[in-house]
Each structure stands twice: as structure tokens, then as C-alpha cells.
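Undergrad: Below is the file coords_5.cif, with mmCIF, C-alpha atoms and all ligand atoms.
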data_protein
loop_
_atom_site.group_PDB
_atom_site.id
_atom_site.type_symbol
_atom_site.label_atom_id
_atom_site.label_comp_id
_atom_site.auth_asym_id
_atom_site.auth_seq_id
_atom_site.Cartn_x
_atom_site.Cartn_y
_atom_site.Cartn_z
ATOM 1 C CA MET A 1390 213.335 150.885 241.867
ATOM 2 C CA LEU A 1391 209.584 150.974 242.454
ATOM 3 C CA LYS A 1392 207.825 152.196 239.297
ATOM 4 C CA LYS A 1393 204.795 154.418 239.593
ATOM 5 C CA THR A 1394 202.506 153.065 236.879
ATOM 6 C CA THR A 1395 202.971 150.130 234.524
ATOM 7 C CA VAL A 1396 200.647 149.174 231.686
ATOM 8 C CA ILE A 1397 200.661 145.518 230.650
ATOM 9 C CA GLY A 1398 199.346 144.953 227.142
ATOM 10 C CA GLY A 1399 197.628 141.607 226.686
ATOM 11 C CA ASN A 1400 198.046 139.973 223.274
ATOM 12 C CA ALA A 1401 194.515 140.919 222.184
ATOM 13 C CA SER A 1402 194.971 144.649 222.897
ATOM 14 C CA GLU A 1403 198.684 145.335 222.561
ATOM 15 C CA GLU A 1404 198.485 148.409 220.307
ATOM 16 C CA LEU A 1405 195.702 149.986 222.360
ATOM 17 C CA ALA A 1406 197.628 149.305 225.593
ATOM 18 C CA LYS A 1407 200.731 151.025 224.143
ATOM 19 C CA LYS A 1408 198.649 154.107 223.346
ATOM 20 C CA ILE A 1409 197.166 154.129 226.872
ATOM 21 C CA ALA A 1410 200.665 153.823 228.404
ATOM 22 C CA LYS A 1411 201.865 156.760 226.299
ATOM 23 C CA LYS A 1412 198.942 158.925 227.400
ATOM 24 C CA LEU A 1413 199.563 158.040 231.079
ATOM 25 C CA LYS A 1414 203.352 158.460 230.697
ATOM 26 C CA ALA A 1415 203.596 154.940 232.166
ATOM 27 C CA SER A 1416 205.991 152.068 231.432
ATOM 28 C CA PHE A 1417 204.708 149.549 228.916
ATOM 29 C CA VAL A 1418 205.199 145.806 229.269
ATOM 30 C CA LYS A 1419 204.462 143.435 226.419
ATOM 31 C CA THR A 1420 203.049 139.965 227.019
ATOM 32 C CA GLN A 1421 204.613 136.940 225.356
ATOM 33 C CA VAL A 1422 202.110 134.194 224.635
ATOM 34 C CA ARG A 1423 202.462 130.744 223.131
ATOM 35 C CA VAL A 1424 199.228 128.876 222.514
ATOM 36 C CA PHE A 1425 199.944 125.144 222.548
ATOM 37 C CA PRO A 1426 198.251 122.773 220.060
ATOM 38 C CA ASP A 1427 195.812 121.708 222.806
ATOM 39 C CA GLY A 1428 194.680 125.333 223.251
ATOM 40 C CA GLU A 1429 196.476 126.110 226.525
ATOM 41 C CA SER A 1430 198.193 129.510 226.784
ATOM 42 C CA LYS A 1431 201.775 129.791 228.036
ATOM 43 C CA ILE A 1432 202.085 133.385 229.197
ATOM 44 C CA THR A 1433 205.369 135.084 230.047
ATOM 45 C CA LEU A 1434 206.010 138.557 231.400
ATOM 46 C CA SER A 1435 209.710 139.250 231.208
ATOM 47 C CA LYS A 1436 211.049 142.681 232.268
ATOM 48 C CA ILE A 1437 208.331 143.231 234.865
ATOM 49 C CA GLN A 1438 209.251 145.411 237.844
ATOM 50 C CA LYS A 1439 207.443 146.273 241.082
ATOM 51 C CA SER A 1440 204.996 149.165 240.592
ATOM 52 C CA GLN A 1441 202.543 151.148 242.666
ATOM 53 C CA HIS A 1442 199.791 150.647 240.108
ATOM 54 C CA VAL A 1443 199.556 148.077 237.313
ATOM 55 C CA ILE A 1444 196.979 148.430 234.547
ATOM 56 C CA VAL A 1445 196.274 145.309 232.498
ATOM 57 C CA VAL A 1446 194.631 145.936 229.119
ATOM 58 C CA GLN A 1447 193.003 143.095 227.212
ATOM 59 C CA SER A 1448 189.721 142.745 225.330
ATOM 60 C CA THR A 1449 188.004 139.374 225.439
ATOM 61 C CA TYR A 1450 186.951 138.990 221.812
ATOM 62 C CA PRO A 1451 187.374 135.589 220.067
ATOM 63 C CA PRO A 1452 188.974 133.317 221.039
ATOM 64 C CA VAL A 1453 186.963 134.581 224.027
ATOM 65 C CA ASP A 1454 187.870 131.944 226.615
ATOM 66 C CA THR A 1455 191.557 132.028 225.666
ATOM 67 C CA ASN A 1456 191.716 135.817 225.947
ATOM 68 C CA LEU A 1457 189.793 135.628 229.206
ATOM 69 C CA ILE A 1458 192.155 133.139 230.855
ATOM 70 C CA GLN A 1459 195.107 135.226 229.639
ATOM 71 C CA VAL A 1460 193.802 138.440 231.204
ATOM 72 C CA LEU A 1461 192.969 136.636 234.469
ATOM 73 C CA SER A 1462 196.515 135.235 234.537
ATOM 74 C CA LEU A 1463 198.024 138.665 233.825
ATOM 75 C CA VAL A 1464 196.044 140.188 236.680
ATOM 76 C CA SER A 1465 197.048 137.380 239.028
ATOM 77 C CA LYS A 1466 200.749 138.001 238.245
ATOM 78 C CA SER A 1467 200.286 141.781 238.551
ATOM 79 C CA LYS A 1468 198.944 141.333 242.057
ATOM 80 C CA GLN A 1469 202.371 139.976 243.072
ATOM 81 C CA ILE A 1470 204.147 143.177 242.010
ATOM 82 C CA ALA A 1471 201.596 145.912 242.777
ATOM 83 C CA SER A 1472 199.073 146.635 245.495
ATOM 84 C CA LYS A 1473 196.693 148.329 243.070
ATOM 85 C CA VAL A 1474 195.648 146.469 239.919
ATOM 86 C CA THR A 1475 193.257 147.964 237.390
ATOM 87 C CA VAL A 1476 192.003 145.887 234.525
ATOM 88 C CA ALA A 1477 190.740 147.558 231.350
ATOM 89 C CA ILE A 1478 188.592 145.225 229.271
ATOM 90 C CA PRO A 1479 187.708 147.424 226.295
ATOM 91 C CA TYR A 1480 185.417 144.746 224.824
ATOM 92 C CA MET A 1481 183.893 142.491 227.461
ATOM 93 C CA GLY A 1482 182.948 139.100 226.060
ATOM 94 C CA TYR A 1483 179.988 137.328 227.705
ATOM 95 C CA ALA A 1484 178.386 140.705 228.547
ATOM 96 C CA ARG A 1485 175.206 139.618 226.743
ATOM 97 C CA GLN A 1486 174.899 136.718 229.208
ATOM 98 C CA ASP A 1487 174.104 138.984 232.119
ATOM 99 C CA ARG A 1488 170.732 137.471 233.116
ATOM 100 C CA GLU A 1489 168.671 134.301 232.838
ATOM 101 C CA PHE A 1490 166.561 134.814 229.691
ATOM 102 C CA LEU A 1491 165.339 131.217 229.441
ATOM 103 C CA PRO A 1492 164.946 128.899 232.458
ATOM 104 C CA GLY A 1493 168.166 127.082 233.321
ATOM 105 C CA GLU A 1494 170.520 129.462 231.500
ATOM 106 C CA ILE A 1495 173.710 130.145 233.440
ATOM 107 C CA VAL A 1496 174.538 133.839 233.988
ATOM 108 C CA THR A 1497 178.148 133.546 232.864
ATOM 109 C CA MET A 1498 178.838 137.259 233.449
ATOM 110 C CA GLN A 1499 178.359 136.536 237.151
ATOM 111 C CA VAL A 1500 180.870 133.670 237.004
ATOM 112 C CA ILE A 1501 183.412 135.950 235.309
ATOM 113 C CA ALA A 1502 182.823 138.680 237.910
ATOM 114 C CA GLY A 1503 183.740 136.165 240.631
ATOM 115 C CA LEU A 1504 186.918 135.193 238.768
ATOM 116 C CA PHE A 1505 188.144 138.805 238.502
ATOM 117 C CA LYS A 1506 187.552 139.323 242.215
ATOM 118 C CA ALA A 1507 189.377 136.086 243.002
ATOM 119 C CA VAL A 1508 192.537 137.087 241.087
ATOM 120 C CA GLY A 1509 192.682 140.401 242.927
ATOM 121 C CA VAL A 1510 191.458 143.159 240.617
ATOM 122 C CA THR A 1511 190.787 146.394 242.509
ATOM 123 C CA ASN A 1512 189.260 148.448 239.670
ATOM 124 C CA MET A 1513 187.804 147.582 236.286
ATOM 125 C CA ILE A 1514 187.131 149.747 233.220
ATOM 126 C CA VAL A 1515 184.985 148.643 230.284
ATOM 127 C CA VAL A 1516 183.884 150.460 227.139
ATOM 128 C CA ASP A 1517 180.199 150.523 226.148
ATOM 129 C CA ILE A 1518 179.378 147.266 227.916
ATOM 130 C CA HIS A 1519 176.302 145.674 226.342
ATOM 131 C CA SER A 1520 174.181 146.552 229.393
ATOM 132 C CA LEU A 1521 175.026 148.073 232.777
ATOM 133 C CA ILE A 1522 173.238 145.078 234.319
ATOM 134 C CA GLY A 1523 176.415 143.102 233.572
ATOM 135 C CA LEU A 1524 178.447 145.313 235.914
ATOM 136 C CA LYS A 1525 176.062 144.685 238.825
ATOM 137 C CA HIS A 1526 177.591 141.204 239.198
ATOM 138 C CA PHE A 1527 181.035 142.647 240.001
ATOM 139 C CA LYS A 1528 181.940 143.167 243.664
ATOM 140 C CA ILE A 1529 184.843 145.480 242.742
ATOM 141 C CA LYS A 1530 184.919 149.124 241.561
ATOM 142 C CA THR A 1531 183.783 149.266 237.938
ATOM 143 C CA LYS A 1532 183.453 152.059 235.395
ATOM 144 C CA ASN A 1533 181.826 151.975 231.966
ATOM 145 C CA VAL A 1534 183.080 154.631 229.558
ATOM 146 C CA SER A 1535 181.420 155.392 226.247
ATOM 147 C CA ALA A 1536 182.978 155.704 222.804
ATOM 148 C CA ILE A 1537 179.733 157.066 221.334
ATOM 149 C CA PRO A 1538 180.892 160.748 221.371
ATOM 150 C CA GLU A 1539 184.175 159.712 219.650
ATOM 151 C CA LEU A 1540 182.260 157.734 217.018
ATOM 152 C CA ALA A 1541 179.924 160.685 216.443
ATOM 153 C CA SER A 1542 182.929 163.021 216.031
ATOM 154 C CA HIS A 1543 184.179 160.784 213.248
ATOM 155 C CA PHE A 1544 180.855 161.163 211.415
ATOM 156 C CA LYS A 1545 181.022 164.970 211.730
ATOM 157 C CA LYS A 1546 183.859 164.812 209.184
ATOM 158 C CA LEU A 1547 181.714 162.969 206.595
ATOM 159 C CA LYS A 1548 179.494 164.960 204.281
ATOM 160 C CA LEU A 1549 176.139 163.302 204.905
ATOM 161 C CA LYS A 1550 172.789 164.319 203.449
ATOM 162 C CA GLU A 1551 170.307 165.330 206.204
ATOM 163 C CA PRO A 1552 171.404 162.384 208.377
ATOM 164 C CA ILE A 1553 169.153 160.575 210.851
ATOM 165 C CA VAL A 1554 170.554 158.249 213.509
ATOM 166 C CA VAL A 1555 168.819 154.873 213.769
ATOM 167 C CA SER A 1556 168.940 152.349 216.591
ATOM 168 C CA PRO A 1557 168.241 148.824 215.267
ATOM 169 C CA ASP A 1558 166.230 148.072 218.433
ATOM 170 C CA GLN A 1559 164.370 149.807 221.253
ATOM 171 C CA GLY A 1560 167.084 148.811 223.768
ATOM 172 C CA GLY A 1561 169.611 151.005 221.943
ATOM 173 C CA LYS A 1562 167.395 154.108 221.745
ATOM 174 C CA GLU A 1563 169.300 156.081 224.405
ATOM 175 C CA ARG A 1564 172.624 155.289 222.693
ATOM 176 C CA ALA A 1565 171.193 156.567 219.394
ATOM 177 C CA ARG A 1566 169.909 159.710 221.127
ATOM 178 C CA ILE A 1567 173.359 160.498 222.559
ATOM 179 C CA PHE A 1568 174.993 159.902 219.165
ATOM 180 C CA ALA A 1569 172.378 162.085 217.435
ATOM 181 C CA ASP A 1570 172.722 164.864 220.031
ATOM 182 C CA ASN A 1571 176.476 164.916 219.386
ATOM 183 C CA LEU A 1572 175.760 165.451 215.689
ATOM 184 C CA GLY A 1573 172.813 167.775 216.287
ATOM 185 C CA VAL A 1574 170.406 165.587 214.277
ATOM 186 C CA ASP A 1575 167.265 163.480 214.907
ATOM 187 C CA HIS A 1576 167.136 159.833 215.930
ATOM 188 C CA ILE A 1577 164.658 156.964 215.649
ATOM 189 C CA ALA A 1578 164.589 153.396 217.019
ATOM 190 C CA LEU A 1579 163.375 150.358 215.100
ATOM 191 C CA THR A 1580 161.546 147.483 216.785
ATOM 192 C CA LYS A 1581 163.575 144.279 216.523
ATOM 193 C CA LYS A 1582 162.367 140.847 217.571
ATOM 194 C CA ARG A 1583 164.894 138.100 218.244
ATOM 195 C CA ASP A 1584 163.977 134.437 218.586
ATOM 196 C CA ARG A 1585 165.758 133.457 221.824
ATOM 197 C CA LYS A 1586 166.201 129.862 220.630
ATOM 198 C CA THR A 1587 167.411 130.336 217.031
ATOM 199 C CA GLY A 1588 168.885 133.850 217.392
ATOM 200 C CA LYS A 1589 167.064 134.963 214.177
ATOM 201 C CA VAL A 1590 166.014 138.625 214.052
ATOM 202 C CA GLN A 1591 163.049 140.412 212.436
ATOM 203 C CA ILE A 1592 162.266 144.137 212.095
ATOM 204 C CA MET A 1593 158.649 144.739 213.080
ATOM 205 C CA ASN A 1594 158.126 148.345 211.847
ATOM 206 C CA GLY A 1595 155.751 149.513 209.144
ATOM 207 C CA LYS A 1596 156.514 152.316 206.624
ATOM 208 C CA LEU A 1597 158.997 155.046 207.726
ATOM 209 C CA SER A 1598 158.436 158.093 205.527
ATOM 210 C CA GLN A 1599 160.866 160.377 207.431
ATOM 211 C CA VAL A 1600 163.945 158.511 206.099
ATOM 212 C CA ILE A 1601 163.139 158.953 202.374
ATOM 213 C CA GLY A 1602 166.107 160.429 200.469
ATOM 214 C CA ARG A 1603 168.211 160.887 203.633
ATOM 215 C CA ASP A 1604 171.509 159.370 204.756
ATOM 216 C CA LEU A 1605 171.157 157.097 207.791
ATOM 217 C CA ILE A 1606 173.606 156.051 210.511
ATOM 218 C CA ILE A 1607 172.691 152.822 212.294
ATOM 219 C CA VAL A 1608 174.259 152.916 215.765
ATOM 220 C CA ASP A 1609 174.755 149.790 217.892
ATOM 221 C CA ASP A 1610 177.035 148.717 220.735
ATOM 222 C CA MET A 1611 178.341 145.712 218.830
ATOM 223 C CA ILE A 1612 178.156 143.661 215.667
ATOM 224 C CA SER A 1613 178.614 139.929 216.071
ATOM 225 C CA THR A 1614 177.106 137.897 213.222
ATOM 226 C CA GLY A 1615 175.769 141.053 211.573
ATOM 227 C CA GLY A 1616 172.209 139.666 211.699
ATOM 228 C CA SER A 1617 170.745 142.747 213.430
ATOM 229 C CA ILE A 1618 172.480 145.251 211.145
ATOM 230 C CA ILE A 1619 171.647 143.309 207.964
ATOM 231 C CA LYS A 1620 167.935 143.148 208.802
ATOM 232 C CA ALA A 1621 167.881 146.842 209.773
ATOM 233 C CA ALA A 1622 169.780 147.909 206.615
ATOM 234 C CA GLN A 1623 167.551 145.826 204.310
ATOM 235 C CA PHE A 1624 164.454 147.311 205.945
ATOM 236 C CA LEU A 1625 165.763 150.902 205.714
ATOM 237 C CA LYS A 1626 166.805 150.492 202.070
ATOM 238 C CA LYS A 1627 163.215 149.441 201.288
ATOM 239 C CA GLN A 1628 162.077 152.766 202.787
ATOM 240 C CA SER A 1629 163.947 154.584 199.959
ATOM 241 C CA CYS A 1630 166.608 156.174 202.157
ATOM 242 C CA LYS A 1631 169.872 157.395 200.578
ATOM 243 C CA ARG A 1632 173.053 155.844 201.997
ATOM 244 C CA VAL A 1633 173.240 153.639 205.122
ATOM 245 C CA TYR A 1634 176.299 153.901 207.401
ATOM 246 C CA VAL A 1635 176.956 151.819 210.507
ATOM 247 C CA ALA A 1636 178.687 152.992 213.691
ATOM 248 C CA CYS A 1637 179.426 150.589 216.518
ATOM 249 C CA THR A 1638 181.877 150.361 219.390
ATOM 250 C CA HIS A 1639 182.735 146.672 219.064
ATOM 251 C CA ALA A 1640 182.945 145.065 215.605
ATOM 252 C CA LEU A 1641 183.397 141.322 216.025
ATOM 253 C CA LEU A 1642 182.240 140.735 212.437
ATOM 254 C CA MET A 1643 181.992 136.948 212.728
ATOM 255 C CA ASN A 1644 181.581 134.623 209.734
ATOM 256 C CA ASP A 1645 182.155 137.032 206.875
ATOM 257 C CA ALA A 1646 179.781 139.580 208.448
ATOM 258 C CA GLU A 1647 181.544 142.597 206.895
ATOM 259 C CA ARG A 1648 180.942 141.339 203.349
ATOM 260 C CA ARG A 1649 177.340 140.356 204.107
ATOM 261 C CA ILE A 1650 176.596 143.749 205.707
ATOM 262 C CA LYS A 1651 177.990 145.563 202.654
ATOM 263 C CA LYS A 1652 175.922 143.267 200.425
ATOM 264 C CA ALA A 1653 172.834 144.380 202.373
ATOM 265 C CA GLY A 1654 173.509 147.919 201.122
ATOM 266 C CA VAL A 1655 175.693 149.452 203.855
ATOM 267 C CA THR A 1656 178.158 152.022 202.487
ATOM 268 C CA GLN A 1657 180.642 151.929 205.384
ATOM 269 C CA ILE A 1658 181.099 150.401 208.863
ATOM 270 C CA ILE A 1659 182.985 152.456 211.437
ATOM 271 C CA SER A 1660 184.058 150.902 214.747
ATOM 272 C CA THR A 1661 186.645 151.414 217.493
ATOM 273 C CA ASN A 1662 189.925 149.741 218.382
ATOM 274 C CA THR A 1663 188.385 147.862 221.345
ATOM 275 C CA ILE A 1664 188.533 145.127 218.691
ATOM 276 C CA PRO A 1665 191.254 145.758 216.107
ATOM 277 C CA GLY A 1666 190.225 145.113 212.511
ATOM 278 C CA SER A 1667 189.440 146.534 209.088
ATOM 279 C CA THR A 1668 186.708 148.885 210.408
ATOM 280 C CA SER A 1669 188.314 150.015 213.698
ATOM 281 C CA VAL A 1670 189.259 153.597 212.861
ATOM 282 C CA VAL A 1671 188.164 155.320 216.087
ATOM 283 C CA ASP A 1672 190.660 155.242 218.959
ATOM 284 C CA VAL A 1673 189.451 154.719 222.552
ATOM 285 C CA SER A 1674 192.840 155.087 224.304
ATOM 286 C CA ASN A 1675 192.029 158.621 225.409
ATOM 287 C CA ILE A 1676 188.727 157.765 227.090
ATOM 288 C CA ILE A 1677 190.281 154.755 228.844
ATOM 289 C CA ALA A 1678 193.340 156.734 230.006
ATOM 290 C CA LYS A 1679 191.084 159.490 231.360
ATOM 291 C CA ALA A 1680 189.040 156.930 233.328
ATOM 292 C CA ILE A 1681 192.109 155.534 235.101
ATOM 293 C CA VAL A 1682 192.611 157.024 238.572
HETATM 294 C C1 LIG B 1701 171.767 143.267 220.884
HETATM 295 O O1 LIG B 1701 170.943 143.679 221.682
HETATM 296 C C2 LIG B 1701 173.061 143.970 220.625
HETATM 297 O O2 LIG B 1701 172.993 145.314 220.946
HETATM 298 C C3 LIG B 1701 173.509 143.801 219.195
HETATM 299 O O3 LIG B 1701 172.539 144.385 218.332
HETATM 300 C C4 LIG B 1701 173.653 142.343 218.847
HETATM 301 O O4 LIG B 1701 174.278 141.649 219.880
HETATM 302 C C5 LIG B 1701 174.440 142.167 217.580
HETATM 303 O O5 LIG B 1701 174.548 140.798 217.291
HETATM 304 P P1 LIG B 1701 174.417 140.286 215.783
HETATM 305 O O6 LIG B 1701 175.408 141.090 214.973
HETATM 306 O O7 LIG B 1701 174.778 138.837 215.863
HETATM 307 O O8 LIG B 1701 173.010 140.520 215.364
#
In C-alpha cells, what does this structure look like?

TA:
Amino acid sequence: MLKKTTVIGGNASEELAKKIAKKLKASFVKTQVRVFPDGESKITLSKIQKSQHVIVVQSTYPPVDTNLIQVLSLVSKSKQIASKVTVAIPYMGYARQDREFLPGEIVTMQVIAGLFKAVGVTNMIVVDIHSLIGLKHFKIKTKNVSAIPELASHFKKLKLKEPIVVSPDQGGKERARIFADNLGVDHIALTKKRDRKTGKVQIMNGKLSQVIGRDLIIVDDMISTGGSIIKAAQFLKKQSCKRVYVACTHALLMNDAERRIKKAGVTQIISTNTIPGSTSVVDVSNIIAKAIV
């Protein structure tokens, strides 16, 4: 019998995919993966039936290339059993490589966009992609949904003292404004400088008297090494603020970043389940399910 909608959960996003399937009242199919010692993935989809619409869910967090090849393979197989294939990539790896910053740099986001088109994706959904510029490379229908209102709702439950929302850089100012509007509080944006060769960051601001004695929420799209958040937190602590919280959609938390961020004076990190982990308490299944048409 032809199924209406099937959700395939990639290994990296199985729990999230199950939640999305439940919300859509769709069948759920689990992926079996064996990664061989040489790094190749052996992917099996048993119990897969023909469907009108297949939705593949898989974030491409580390191991990025492995998770990427797995999701491309899942889409390719889905194309054989459904005419419509949507891919939901809650966290899109490589999204920061969306343009040529230094001469000769390859725009890998563009390469990935070509791969998704080649395997037959018809629609793609991402959550808080690093920049919408990344989506311009895709020649398929794409939608970016935001977890910022969900993250802000979580903070409504905390008893914070006269909170101010802080973006660690000017690029994230609009994100901080939306978060702050959801809480009905003010926002500010720091000025961050990153050395494009070494990746080192510096906060360029002078004194910030408006944060004295107040709780702060640093809002960012993602934490990778934690460098940006650590520098921002250390700077804000020096301004005699009260507690510093961090809210982000994607917490990669590479190389012991969680411990180092806490050491820099951060009380708590709150992230979403686009990347499952110790800080991912906010669920994005609802916003993804709503975006699927
Ligand atoms: C940069 O513009 C992004 O929004 C993040 O602030 C950055 O990618 C986080 O990386 P890291 O944690 O390594 O500083």
C-alpha cells in the first residue's frame, strides 16, 4: 500500500525525527548505519515502503562529512520510493563557508547545494542557518525556520534580574532584537573582531554601564569552539553584570567548550535539539513539522 508520509530519521537526528513523525502522524523509519574502520558508512533502510512524500531528517554536525554523505544517501534512496522528497537539516554544517572571505577559498556551501540537487531533493528545511546567504546557493525550494522564539520562551520561565539580551557581534544584532522582543526587554550588540587566518576573536567595546548589576543573556546562532562566547562573557563580567546566561540554537561545543565557557563565568548554556547534547533542552520538532508542506 502507498503510504502518505514517511519520516526517515538519520543517525544524527533520530530522536528529533521521531518527534517530527509523531507531530505529522507519519510513519517513522529508522536508519541502520555501520561505520567501517576506514570511515565509510554502510547505510541500510529496512522496512521502507513506497510513499507520496518522504521527509529525511539529519543534522550535519561532527563528524560533518560522514553525516553529510549519510543524508545524501538517504535522500537518494528516498527518491526511488517517493516523488516528493523533503530534507530537514536542523543544523547545517558548512553554512559558515557561504562566500569567499579570503582569495582562493572554496565556497563549500555551494558545492553542497549542488549535491542536494543532484540526489533529487525537492524541498529543504533548515533551522537558524548561519546566514541566509548560504541558502542562495540552493536551486531547490528552501525554508529557514527560527528557534529563537522557542529559546526565548524557555528564558521566560527563569527568574532573571532586569535581563538584557546581548549579541556577541554586530552580525547577530537582529537575532538578539527578536529574542529580546519575545521577552519584552532591551538588547545590545558587542563589536567582535575575528582574525580570518587564526580564528582568534577580540571584543572591541569600551565600558558598558547599562549592564551593571543586571542578568545578561548572550544570544548566538551557534557555539563551535566557544571562543566568541568566552570572550564576550569575560568582557561582560568585567563590566560588573550579575549572571551571564547563553542561548544558542546549535551547540557544537567542540574541544571541552562547555567547561571552558562555564569557567569564563557563564551560569548556564541553553540550546536546542538540532544538536543533541547536555545543553539541548529546547525542542525544535514543532517548528520543523509546521514548516513541512
Ligand atoms: C559567527 O559569526 C557565529 O555566529 C558564531 O558566533 C561563531 O561561529 C561561533 O564559533 P566559536 O564558538 O568557535 O567562536

Undergrad: Since I can't run it myself right now, could you work out what the PyMOL selection byres (((chain A and resi 1485-1493) around 8) and not hetatm) selects here and report it as a count of residues only?

TA: 14

Undergrad: May I have the residues within 12 Å of region 1429-1437 of chain A as a VMD selection string, using all atoms listed in the file and disregarding those fewer than 2 positions away in the same chain?

TA: chain A and resid 1390 to 1392 1394 to 1400 1416 to 1427 1439 to 1440 1443 1445 1452 1454 to 1471

Undergrad: Please give me, as a PyMOL selection string, the residues lying within 10 Å of ligand LIG 1701 (chain B) when counting only C-alpha atoms and all ligand atoms.

TA: chain A and resi 1484-1485+1518-1520+1556-1561+1581-1583+1588-1590+1608-1621+1637+1639-1643+1646+1650

Undergrad: Written as a ChimeraX atom specification, what is the full residue list that the PyMOL selection byres (((chain A and resi 1629) around 10) and not hetatm) yields on the file shown?

TA: /A:1597-1603,1624-1628,1630-1632

Undergrad: Which of these, A:Asp1604, A:Glu1404, A:Asp1645, A:Asp1575, has the shortest distance to Lys1562 (chain A) once you count only C-alpha atoms?

TA: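 Nearest candidate to Lys1562 (chain A) out of A:Asp1604, A:Glu1404, A:Asp1645, A:Asp1575: A:Asp1575.
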
Undergrad: Evaluate the PyMOL selection byres (((chain A and resi 1536) around 9) and not hetatm) on the structure here and hand back the selected residues as an NGL selection string.

TA: :A and (1516-1517 or 1534-1535 or 1537-1541 or 1637-1638 or 1661 or 1671-1673 or 1676)

Undergrad: Record the distance separating CA of Thr1580 (chain A) and CA of Met1593 (chain A), expressed in Å with one decimal.

TA: 5.4 Å

Undergrad: Report, in Å with one decimal, the straight-line distance from CA of Lys1651 (chain A) to CA of Lys1546 (chain A).

TA: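 Computing it gives 21.2 Å between the two atoms.
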
Undergrad: Select, from A:Lys1528, A:Asn1675, A:Glu1647, A:Lys1550, the residue with the minimum atom-to-atom distance to Val1500 (chain A), counting all atoms listed in the file.

TA: A:Lys1528

Undergrad: Between A:Ile1577, A:Ala1415, A:Ile1514, A:Val1555, which is the closest to Val1633 (chain A) once you count only C-alpha atoms?

TA: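 The shortest atom-to-atom distance to Val1633 (chain A) comes from A:Val1555.
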
Undergrad: Excluding Val1510 (chain A) and its own-chain neighbours fewer than 4 positions away, which residues fall within 7 Å of it when counting all atoms listed in the file? Please give them as a PDB file with C-alpha atoms, keeping the file's coordinate frame.

TA:
ATOM      1  CA  VAL A1464     196.044 140.188 236.680  1.00  0.00           C
ATOM      2  CA  VAL A1474     195.648 146.469 239.919  1.00  0.00           C
ATOM      3  CA  THR A1475     193.257 147.964 237.390  1.00  0.00           C
ATOM      4  CA  VAL A1476     192.003 145.887 234.525  1.00  0.00           C
ATOM      5  CA  PHE A1505     188.144 138.805 238.502  1.00  0.00           C
ATOM      6  CA  LYS A1506     187.552 139.323 242.215  1.00  0.00           C
TER       7      LYS A1506
END

Undergrad: Which residue is closest to Lys1545 (chain A)? Choose from A:Ile1607, A:Ile1677, A:Leu1405, A:Ala1569 and count all atoms listed in the file.

TA: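 Looking at the shortest contact to Lys1545 (chain A), the residue is A:Ala1569.
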
Undergrad: So, counting all atoms listed in the file, which residue among A:Ala1578, A:Leu1413, A:Val1554, A:Leu1504 is closest to Ile1529 (chain A)?

TA: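 Of the candidates, the smallest distance to Ile1529 (chain A) is held by A:Leu1504.
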
Undergrad: Report the distance between CA of Gln1441 (chain A) and CA of Asn1662 (chain A) in Å, rounded to one decimal place.

TA: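 Answer for the CA of Gln1441 (chain A) to CA of Asn1662 (chain A) separation: 27.4 Å.
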
Undergrad: Between A:Gly1573, A:Ile1567, A:Ala1477, A:Gln1591, which is the closest to Lys1530 (chain A) once you count all atoms listed in the file?

TA: A:Ala1477

Undergrad: Neighbours of Thr1663 (chain A) within 7 Å (all atoms listed in the file; same-chain residues fewer than 4 positions away dropped), as a PyMOL selection string?

TA: chain A and resi 1448+1479-1480+1639

Undergrad: Box for region 1488-1497 of chain A - axis-aligned, 3 Å on each of the six sides, all listed atoms - centre and size in Å to one decimal, as lines of an AutoDock Vina configuration file.

TA:
center_x = 171.5
center_y = 132.3
center_z = 231.7
size_x = 19.2
size_y = 16.4
size_z = 10.5

Undergrad: What would region 1654-1658 of chain A look like with all heavy atoms in place, written as a PDB file, keeping the file's coordinate frame?

TA:
ATOM      1  N   GLY A1654     173.672 146.518 201.545  1.00  0.00           N
ATOM      2  CA  GLY A1654     173.509 147.919 201.122  1.00  0.00           C
ATOM      3  C   GLY A1654     174.180 148.945 202.006  1.00  0.00           C
ATOM      4  O   GLY A1654     173.969 150.155 201.846  1.00  0.00           O
ATOM      5  N   VAL A1655     175.020 148.497 202.952  1.00  0.00           N
ATOM      6  CA  VAL A1655     175.693 149.452 203.855  1.00  0.00           C
ATOM      7  C   VAL A1655     176.933 150.027 203.160  1.00  0.00           C
ATOM      8  O   VAL A1655     177.756 149.288 202.626  1.00  0.00           O
ATOM      9  CB  VAL A1655     176.062 148.755 205.195  1.00  0.00           C
ATOM     10  CG1 VAL A1655     176.990 149.624 206.033  1.00  0.00           C
ATOM     11  CG2 VAL A1655     174.791 148.410 205.968  1.00  0.00           C
ATOM     12  N   THR A1656     177.045 151.346 203.157  1.00  0.00           N
ATOM     13  CA  THR A1656     178.158 152.022 202.487  1.00  0.00           C
ATOM     14  C   THR A1656     179.458 151.836 203.260  1.00  0.00           C
ATOM     15  O   THR A1656     180.510 151.548 202.685  1.00  0.00           O
ATOM     16  CB  THR A1656     177.851 153.538 202.370  1.00  0.00           C
ATOM     17  OG1 THR A1656     176.616 153.664 201.662  1.00  0.00           O
ATOM     18  CG2 THR A1656     178.952 154.303 201.658  1.00  0.00           C
ATOM     19  N   GLN A1657     179.408 152.016 204.589  1.00  0.00           N
ATOM     20  CA  GLN A1657     180.642 151.929 205.384  1.00  0.00           C
ATOM     21  C   GLN A1657     180.324 151.536 206.829  1.00  0.00           C
ATOM     22  O   GLN A1657     179.288 151.957 207.374  1.00  0.00           O
ATOM     23  CB  GLN A1657     181.338 153.296 205.377  1.00  0.00           C
ATOM     24  CG  GLN A1657     182.799 153.223 205.709  1.00  0.00           C
ATOM     25  CD  GLN A1657     183.465 154.604 205.715  1.00  0.00           C
ATOM     26  OE1 GLN A1657     182.818 155.628 205.551  1.00  0.00           O
ATOM     27  NE2 GLN A1657     184.766 154.608 205.904  1.00  0.00           N
ATOM     28  N   ILE A1658     181.220 150.758 207.437  1.00  0.00           N
ATOM     29  CA  ILE A1658     181.099 150.401 208.863  1.00  0.00           C
ATOM     30  C   ILE A1658     182.264 151.085 209.576  1.00  0.00           C
ATOM     31  O   ILE A1658     183.412 150.953 209.148  1.00  0.00           O
ATOM     32  CB  ILE A1658     181.212 148.871 209.093  1.00  0.00           C
ATOM     33  CG1 ILE A1658     180.229 148.098 208.212  1.00  0.00           C
ATOM     34  CG2 ILE A1658     181.032 148.515 210.564  1.00  0.00           C
ATOM     35  CD1 ILE A1658     180.519 146.587 208.134  1.00  0.00           C
TER      36      ILE A1658
END
